[in-house]
Structure formats: C-alpha cells, structure tokens
Amino acid sequence: AVTLSGELKKWHKVTLTFDGPEGYNETSTPNPFLDCRMEVSFTFGEKVYVVPGYYAADGDAGATGASSGNKWRAHFAPDEEGEWAWSASFATGEKVAIDRDLPGFPDPSIDGLSDSFSIGPTDKTGRDHRGKGRLRYIGERYLQFAETGEYFLKAGADSPETFLAYSDFDDLRDFRLKTWEAHVQDWQPGDPTWHGSKGKGIIGAINYLSDKGMNVQSFIVMNLRGWTGNVYPFITDNLTTVLTDNDLLRYDVSRLDQWETVFEHMDRKGIFMHFKLQEARSTNLLSREERFLFYRELNARFSHHLALNWNFGEEATNSKEEILSF
C-alpha cells in the first residue's frame with residue numbers, strides 16, 4: 001500500500017509513504033539504510049526526476065520517537081502544473097544503497113508500484129518559498145527563484161554553526177545544547193511542535209529571523225570529533241578514538257524527522273538553508289562507504305527543499321580533488 005500526502009500544488013512538498021518489508025529497525029541486520037535501496041521516478045512529459053527514498057520507521061517517528069516499522073518514504077516538489085506519473089523501485093542486498101550498479105533483489109511490497117497525481121498552481125505569496133519556486137543557478141552572479149524570477153540576495157547570520165544542537169531533538173548527546181528559550185515567545189499558535197510542546201524555541205527563532213527580514217541560516221549537520229560533538233544524524237554519539245563498526249551507517253529516524261519539521265518551517269518563512277556537511281575536525285571521520293551513505297540520506301530526506309546549498313567542506317583540510325571525489 002502507498003499513501004500520497006501533501007498539498008498537490010506546484011512547488012509544494014508531495015510525499016509518498018509506502019508499506020514496505022517488515023522486520024526492520026535502526027539497528028537491524030540487514031541495515032535498512034545501507035542494504036535497502038528505494039527510488040521513485042517522477043515523470044512529466046519528457047521530464048524525469050529520480051528521487052531516492054528512505055527508511056521512515058513507523059512513518060511518524062518525529063512525533064512518536066519510533067525506531068522501527070515498515071514505512072519507506074520519498075519527497076518531491078513538482079515544478080510543473082498538470083499530471084505527474086510516478087513509479088517505484090525497491091531492492092535489497094548488501095550495500096545496494098550506495099552502489100546503483102548492484103541489482104539487488106526486488107521486493108514486491110514496493111518494487112513496481114506506480115500511479116499518477118494532478119498538480120495545481122501554488123497559492124502562496126510573500127516570503128514563502130513555495131510561492132517563489134526553486135532557487136537555481138542560471139549562470140549569472142545571483143541565484144534566481146524559478147517561479148517569480150526574483151533574484152536572491154543573501155542576508156542573515158552565519159552562526160551559530162551549531163544551530164541544530166538543540167535540546168528538544170531526540171537522543172542528542174547532552175553537551176552544550178541550546179534551548180532557544182529566548183525565542184519561545186516568538187512561536188505562534190499553529191506553528192509546528194513535536195512530543196507535545198517541544199520545538200517551540202527553535203521554531204520561534206526562525207520566526208524571529210524572518211520577522212527581522214533575514215533570509216538565510218547556516219548550520220552544520222555533523223560535528224562529531226569537533227569542539228562540541230553535539231550535532232549528528234546518526235544513532236551514535238560515540239566520541240571514542242576508534243568508532244565501532246556501523247556507528248556511522250545507521251541513522252536516527254526520529255531526530256531527522258524533527259529536522260525536517262524545522263526545515264519545512266524555514267521554507268514557509270523564506271529562510272535559505274546553508275547545510276555545512278563537515279568541519280575541520282570531522283574532515284576524515286567518514287570512510288568512503290560512510291560518506292556515500294551520509295550524502296544519500298541527506299539527499300533523500302531534504303533535497304526537495306526549494307532554497308538550499310550543500311557546503312561540502314566548511315573549514316575542511318581536503319584538497320579540491322578530494323572534495324570533488326566526495
């Protein structure tokens with residue numbers, strides 16, 4: 001079975017949630033992040049987007065804290081009005097998620113499913129990115145929004161880098177975490193939360209920045225081995241000299257779901273997302289295998305957002321050739 005959710009409008013997030021194979025959790029073997037590969041192809045005329053899917057536990061992990069379940073998910077922000085078709089593929093096998101040349105073993109619960117949906121015009125205006133369209137590079141000095149043609153002039157804080165070191169996110173290492181308590185007052189009724197009233201501080205901080213006319217926030221998504229080591233997408237907070245096998249090949253589904261709640265609010269409030277993927281002290285932390293999976297998970301979960309950039313090496317010591325090989 002598959003569930004289609006989201007507002008069926010141009011530039012709005014559309015989500016497909018599948019009932020997939022049973023028996024998986026964040027620590028199971030096979031590894032649902034590494035040993036399963038779901039992709040969804042979205043087609044409009046001659047235009048085709050192949051979108052990676054991801055393991056979503058019970059499908060509501062940000063609210064429930066779940067680490068197990070049979071839900072698999074893909075997000076898409078359609079850039080055309082009209083009829084879109086989609087088709088899904090799903091394969092299992094050792095390391096199939098990071099090597100598309102591996103055929104794997106098709107799983108009939110998802111593999112081969114297809115359908116279509118109809119997209120209408122956006123109804124958003126003002127700062128909301130859904131009214132402006134995807135921010136894109138057009139070969140000129142400034143980036144441009146695809147829907148309105150408006151150019152983007154970046155104005156905002158490049159700090160704190162540890163914006164996501166937030167005490168209300170699930171299962172983070174309790175070290176120098178932020179509460180964003182001063183911005184709870186900036187949260188508004190109708191704004192998102194999780195686990196009841198959690199999230200008000202960081203959502204309020206986004207409201208504050210937007211109300212002040214800012215349009216960007218930068219943040220690191222992995223600083224293990226850094227000064228604080230308190231932002232990471234993995235289930236581990238292992239800071240020992242030698243990390244154990246699989247520590248960096250398994251992801252905290254509920255925390256990443258909560259990140260998505262924050263990032264959705266940033267889109268609504270017109271805040272560009274500057275993803276810093278590593279910093280100097282974590283430059284060589286990930287093996288090639290771990291790095292490929294790291295990029296795939298971030299891409300699958302967050303690349304549908306309309307205004308973002310991926311910074312591959314904030315203060316990194318890698319050479320240009322090394323960064324390009326990433």
# chains A, B, ... in the order shown; residues from 1 in each chain; ligands from 1

call {"tool": "residues_around", "arguments": {"residues": "segment 91-105 of chain A", "least_positions_apart": "4", "cutoff": "12 Å", "atoms": "only C-alpha atoms", "output": "JSON, numbers by chain"}}
result
{"A": [20, 21, 24, 29, 30, 31, 32, 33, 34, 35, 36, 37, 38, 39, 52, 53, 54, 55, 109, 110, 111, 112, 249, 288, 289, 290, 291, 292, 293, 294, 295, 296, 297, 300]}

call {"tool": "select_by_dssp", "arguments": {"residues": "segment 104-320 of chain A", "states": "strand (DSSP E)", "output": "PDB file with C-alpha atoms, in the first residue's frame"}}
result
ATOM      1  CA  PHE A 105      16.793  -8.408  -5.009  1.00  0.00           C
ATOM      2  CA  PRO A 106      13.487  -6.681  -5.838  1.00  0.00           C
ATOM      3  CA  SER A 114       3.085   3.129  -9.971  1.00  0.00           C
ATOM      4  CA  ASP A 115       0.336   5.735 -10.198  1.00  0.00           C
ATOM      5  CA  SER A 116      -0.192   9.414 -11.004  1.00  0.00           C
ATOM      6  CA  PHE A 117      -1.413  12.645  -9.435  1.00  0.00           C
ATOM      7  CA  SER A 118      -2.501  16.058 -10.674  1.00  0.00           C
ATOM      8  CA  ILE A 119      -0.773  19.271  -9.609  1.00  0.00           C
ATOM      9  CA  LEU A 135      16.178  28.781  -6.131  1.00  0.00           C
ATOM     10  CA  ARG A 136      18.517  27.966  -9.018  1.00  0.00           C
ATOM     11  CA  LEU A 143      20.666  32.876  -7.829  1.00  0.00           C
ATOM     12  CA  GLN A 144      17.104  33.228  -9.103  1.00  0.00           C
ATOM     13  CA  PHE A 145      13.739  31.829  -8.000  1.00  0.00           C
ATOM     14  CA  TYR A 151      16.939  37.293  -7.628  1.00  0.00           C
ATOM     15  CA  PHE A 152      18.252  36.195  -4.249  1.00  0.00           C
ATOM     16  CA  GLY A 156      21.462  36.622   7.542  1.00  0.00           C
ATOM     17  CA  ALA A 157      23.538  35.041  10.238  1.00  0.00           C
ATOM     18  CA  VAL A 216      19.308  32.604   5.484  1.00  0.00           C
ATOM     19  CA  GLN A 217      20.528  30.400   8.323  1.00  0.00           C
ATOM     20  CA  SER A 218      23.635  28.250   8.203  1.00  0.00           C
ATOM     21  CA  PHE A 219      24.106  25.115  10.284  1.00  0.00           C
ATOM     22  CA  ILE A 220      26.357  22.100  10.485  1.00  0.00           C
ATOM     23  CA  PHE A 272      17.537  29.714   2.799  1.00  0.00           C
ATOM     24  CA  MET A 273      19.247  26.636   4.289  1.00  0.00           C
ATOM     25  CA  HIS A 274      23.044  26.539   4.247  1.00  0.00           C
ATOM     26  CA  PHE A 275      23.949  22.910   5.005  1.00  0.00           C
ATOM     27  CA  LYS A 276      27.517  22.515   6.279  1.00  0.00           C
ATOM     28  CA  LEU A 308      19.427  25.401  -0.009  1.00  0.00           C
ATOM     29  CA  ASN A 309      23.065  24.704  -0.701  1.00  0.00           C
ATOM     30  CA  TRP A 310      25.367  21.852   0.274  1.00  0.00           C
ATOM     31  CA  ASN A 311      28.678  23.080   1.692  1.00  0.00           C
TER      32      ASN A 311
END

call {"tool": "atom_distance", "arguments": {"atom1": "atom CA of Ala74 of chain A", "atom2": "atom CA of Leu248 of chain A"}}
result
22.0 Å

call {"tool": "closest_residue", "arguments": {"among": "A:His75, A:Gly65, A:Glu83, A:Glu279", "to": "Asn299 of chain A", "atoms": "only C-alpha atoms"}}
result
A:His75

call {"tool": "residues_around", "arguments": {"residues": "Gly6 of chain A", "least_positions_apart": "3", "cutoff": "9 Å", "atoms": "only C-alpha atoms", "output": "list in words"}}
result
Lys9, His12, Lys13, Val14, Thr15 and Leu16 of chain A

call {"tool": "decode", "arguments": {"residues": "segment 31-160 of chain A", "atoms": "C-alpha atoms", "output": "PDB file, in the first residue's frame"}}
result
ATOM      1  CA  ASN A  31      20.713  -2.497   7.672  1.00  0.00           C
ATOM      2  CA  PRO A  32      17.669  -0.584   6.301  1.00  0.00           C
ATOM      3  CA  PHE A  33      19.840   2.416   5.420  1.00  0.00           C
ATOM      4  CA  LEU A  34      22.688   0.577   3.693  1.00  0.00           C
ATOM      5  CA  ASP A  35      21.169  -2.684   2.460  1.00  0.00           C
ATOM      6  CA  CYS A  36      17.888  -1.355   1.003  1.00  0.00           C
ATOM      7  CA  ARG A  37      17.504   0.963  -1.980  1.00  0.00           C
ATOM      8  CA  MET A  38      14.239   2.662  -2.807  1.00  0.00           C
ATOM      9  CA  GLU A  39      13.900   5.108  -5.669  1.00  0.00           C
ATOM     10  CA  VAL A  40      10.869   6.844  -7.148  1.00  0.00           C
ATOM     11  CA  SER A  41      10.810   8.230 -10.700  1.00  0.00           C
ATOM     12  CA  PHE A  42       8.518  11.231 -11.202  1.00  0.00           C
ATOM     13  CA  THR A  43       7.637  11.910 -14.850  1.00  0.00           C
ATOM     14  CA  PHE A  44       6.049  14.895 -16.596  1.00  0.00           C
ATOM     15  CA  GLY A  45       6.213  14.606 -20.377  1.00  0.00           C
ATOM     16  CA  GLU A  46       9.889  14.241 -21.269  1.00  0.00           C
ATOM     17  CA  LYS A  47      10.988  15.389 -17.833  1.00  0.00           C
ATOM     18  CA  VAL A  48      12.018  12.660 -15.350  1.00  0.00           C
ATOM     19  CA  TYR A  49      13.295  13.072 -11.783  1.00  0.00           C
ATOM     20  CA  VAL A  50      14.693  10.027  -9.975  1.00  0.00           C
ATOM     21  CA  VAL A  51      14.344  10.609  -6.234  1.00  0.00           C
ATOM     22  CA  PRO A  52      15.961   8.431  -3.562  1.00  0.00           C
ATOM     23  CA  GLY A  53      13.687   7.161  -0.834  1.00  0.00           C
ATOM     24  CA  TYR A  54      14.499   6.473   2.805  1.00  0.00           C
ATOM     25  CA  TYR A  55      13.564   4.362   5.800  1.00  0.00           C
ATOM     26  CA  ALA A  56      10.907   6.160   7.881  1.00  0.00           C
ATOM     27  CA  ALA A  57      10.332   3.676  10.762  1.00  0.00           C
ATOM     28  CA  ASP A  58       6.612   3.941  11.691  1.00  0.00           C
ATOM     29  CA  GLY A  59       6.031   6.923   9.374  1.00  0.00           C
ATOM     30  CA  ASP A  60       5.613   9.400  12.228  1.00  0.00           C
ATOM     31  CA  ALA A  61       8.865   8.988  14.121  1.00  0.00           C
ATOM     32  CA  GLY A  62       9.347  12.692  14.859  1.00  0.00           C
ATOM     33  CA  ALA A  63       6.212  12.582  16.991  1.00  0.00           C
ATOM     34  CA  THR A  64       6.405   9.007  18.326  1.00  0.00           C
ATOM     35  CA  GLY A  65      10.163   8.543  18.719  1.00  0.00           C
ATOM     36  CA  ALA A  66       9.859   5.228  16.870  1.00  0.00           C
ATOM     37  CA  SER A  67      12.981   3.389  15.725  1.00  0.00           C
ATOM     38  CA  SER A  68      11.198   0.510  13.969  1.00  0.00           C
ATOM     39  CA  GLY A  69       8.410  -0.001  11.464  1.00  0.00           C
ATOM     40  CA  ASN A  70       7.744  -0.801   7.821  1.00  0.00           C
ATOM     41  CA  LYS A  71       7.354   2.662   6.296  1.00  0.00           C
ATOM     42  CA  TRP A  72       9.520   3.939   3.429  1.00  0.00           C
ATOM     43  CA  ARG A  73       9.174   7.444   2.063  1.00  0.00           C
ATOM     44  CA  ALA A  74      10.050   9.777  -0.800  1.00  0.00           C
ATOM     45  CA  HIS A  75       9.532  13.547  -1.097  1.00  0.00           C
ATOM     46  CA  PHE A  76       9.125  15.603  -4.250  1.00  0.00           C
ATOM     47  CA  ALA A  77       8.414  19.265  -5.078  1.00  0.00           C
ATOM     48  CA  PRO A  78       6.831  19.299  -8.573  1.00  0.00           C
ATOM     49  CA  ASP A  79       7.892  22.133 -10.849  1.00  0.00           C
ATOM     50  CA  GLU A  80       5.034  21.850 -13.352  1.00  0.00           C
ATOM     51  CA  GLU A  81       1.254  22.036 -13.154  1.00  0.00           C
ATOM     52  CA  GLY A  82      -0.616  19.085 -14.585  1.00  0.00           C
ATOM     53  CA  GLU A  83      -0.461  15.292 -14.467  1.00  0.00           C
ATOM     54  CA  TRP A  84       2.626  13.646 -12.983  1.00  0.00           C
ATOM     55  CA  ALA A  85       3.256   9.903 -13.118  1.00  0.00           C
ATOM     56  CA  TRP A  86       5.420   8.024 -10.648  1.00  0.00           C
ATOM     57  CA  SER A  87       6.924   4.553 -10.439  1.00  0.00           C
ATOM     58  CA  ALA A  88       8.847   2.988  -7.557  1.00  0.00           C
ATOM     59  CA  SER A  89      11.711   0.527  -7.350  1.00  0.00           C
ATOM     60  CA  PHE A  90      12.920  -1.271  -4.242  1.00  0.00           C
ATOM     61  CA  ALA A  91      15.839  -3.662  -3.918  1.00  0.00           C
ATOM     62  CA  THR A  92      17.594  -5.332  -1.022  1.00  0.00           C
ATOM     63  CA  GLY A  93      21.138  -6.635  -0.852  1.00  0.00           C
ATOM     64  CA  GLU A  94      24.480  -5.882   0.720  1.00  0.00           C
ATOM     65  CA  LYS A  95      25.335  -2.166   0.270  1.00  0.00           C
ATOM     66  CA  VAL A  96      22.839  -1.614  -2.569  1.00  0.00           C
ATOM     67  CA  ALA A  97      22.015   1.864  -1.234  1.00  0.00           C
ATOM     68  CA  ILE A  98      25.453   3.211  -2.121  1.00  0.00           C
ATOM     69  CA  ASP A  99      26.020   1.356  -5.385  1.00  0.00           C
ATOM     70  CA  ARG A 100      23.341   1.683  -8.054  1.00  0.00           C
ATOM     71  CA  ASP A 101      25.210  -0.792 -10.249  1.00  0.00           C
ATOM     72  CA  LEU A 102      24.296  -3.559  -7.817  1.00  0.00           C
ATOM     73  CA  PRO A 103      20.961  -5.047  -8.963  1.00  0.00           C
ATOM     74  CA  GLY A 104      19.958  -6.403  -5.563  1.00  0.00           C
ATOM     75  CA  PHE A 105      16.793  -8.408  -5.009  1.00  0.00           C
ATOM     76  CA  PRO A 106      13.487  -6.681  -5.838  1.00  0.00           C
ATOM     77  CA  ASP A 107      10.969  -6.555  -3.004  1.00  0.00           C
ATOM     78  CA  PRO A 108       7.396  -6.838  -4.318  1.00  0.00           C
ATOM     79  CA  SER A 109       5.883  -4.826  -1.470  1.00  0.00           C
ATOM     80  CA  ILE A 110       7.137  -1.638  -3.207  1.00  0.00           C
ATOM     81  CA  ASP A 111       9.034  -2.563  -6.371  1.00  0.00           C
ATOM     82  CA  GLY A 112       6.981  -1.912  -9.500  1.00  0.00           C
ATOM     83  CA  LEU A 113       4.236   0.172  -7.881  1.00  0.00           C
ATOM     84  CA  SER A 114       3.085   3.129  -9.971  1.00  0.00           C
ATOM     85  CA  ASP A 115       0.336   5.735 -10.198  1.00  0.00           C
ATOM     86  CA  SER A 116      -0.192   9.414 -11.004  1.00  0.00           C
ATOM     87  CA  PHE A 117      -1.413  12.645  -9.435  1.00  0.00           C
ATOM     88  CA  SER A 118      -2.501  16.058 -10.674  1.00  0.00           C
ATOM     89  CA  ILE A 119      -0.773  19.271  -9.609  1.00  0.00           C
ATOM     90  CA  GLY A 120      -2.441  22.688  -9.466  1.00  0.00           C
ATOM     91  CA  PRO A 121      -0.965  26.175  -9.084  1.00  0.00           C
ATOM     92  CA  THR A 122       0.646  27.357  -5.867  1.00  0.00           C
ATOM     93  CA  ASP A 123      -1.439  29.593  -3.639  1.00  0.00           C
ATOM     94  CA  LYS A 124       1.478  31.016  -1.635  1.00  0.00           C
ATOM     95  CA  THR A 125       2.750  34.579  -1.693  1.00  0.00           C
ATOM     96  CA  GLY A 126       5.165  36.777   0.232  1.00  0.00           C
ATOM     97  CA  ARG A 127       8.264  35.216   1.785  1.00  0.00           C
ATOM     98  CA  ASP A 128       7.068  31.611   1.424  1.00  0.00           C
ATOM     99  CA  HIS A 129       9.421  29.787  -0.947  1.00  0.00           C
ATOM    100  CA  ARG A 130       6.510  27.769  -2.313  1.00  0.00           C
ATOM    101  CA  GLY A 131       5.259  30.946  -3.977  1.00  0.00           C
ATOM    102  CA  LYS A 132       8.694  31.756  -5.416  1.00  0.00           C
ATOM    103  CA  GLY A 133       9.772  28.362  -6.726  1.00  0.00           C
ATOM    104  CA  ARG A 134      13.100  26.615  -6.570  1.00  0.00           C
ATOM    105  CA  LEU A 135      16.178  28.781  -6.131  1.00  0.00           C
ATOM    106  CA  ARG A 136      18.517  27.966  -9.018  1.00  0.00           C
ATOM    107  CA  TYR A 137      21.822  28.911 -10.591  1.00  0.00           C
ATOM    108  CA  ILE A 138      21.293  30.464 -14.029  1.00  0.00           C
ATOM    109  CA  GLY A 139      24.883  31.264 -14.955  1.00  0.00           C
ATOM    110  CA  GLU A 140      24.721  34.775 -13.571  1.00  0.00           C
ATOM    111  CA  ARG A 141      26.032  36.446 -10.445  1.00  0.00           C
ATOM    112  CA  TYR A 142      22.914  35.886  -8.347  1.00  0.00           C
ATOM    113  CA  LEU A 143      20.666  32.876  -7.829  1.00  0.00           C
ATOM    114  CA  GLN A 144      17.104  33.228  -9.103  1.00  0.00           C
ATOM    115  CA  PHE A 145      13.739  31.829  -8.000  1.00  0.00           C
ATOM    116  CA  ALA A 146      12.200  29.768 -10.796  1.00  0.00           C
ATOM    117  CA  GLU A 147       8.573  30.832 -10.350  1.00  0.00           C
ATOM    118  CA  THR A 148       8.841  34.596  -9.845  1.00  0.00           C
ATOM    119  CA  GLY A 149      12.185  35.354 -11.480  1.00  0.00           C
ATOM    120  CA  GLU A 150      13.203  37.194  -8.312  1.00  0.00           C
ATOM    121  CA  TYR A 151      16.939  37.293  -7.628  1.00  0.00           C
ATOM    122  CA  PHE A 152      18.252  36.195  -4.249  1.00  0.00           C
ATOM    123  CA  LEU A 153      20.487  38.457  -2.179  1.00  0.00           C
ATOM    124  CA  LYS A 154      21.647  36.576   0.891  1.00  0.00           C
ATOM    125  CA  ALA A 155      21.175  38.383   4.215  1.00  0.00           C
ATOM    126  CA  GLY A 156      21.462  36.622   7.542  1.00  0.00           C
ATOM    127  CA  ALA A 157      23.538  35.041  10.238  1.00  0.00           C
ATOM    128  CA  ASP A 158      26.330  32.573   9.549  1.00  0.00           C
ATOM    129  CA  SER A 159      26.136  31.485  13.167  1.00  0.00           C
ATOM    130  CA  PRO A 160      25.635  29.708  15.385  1.00  0.00           C
TER     131      PRO A 160
END
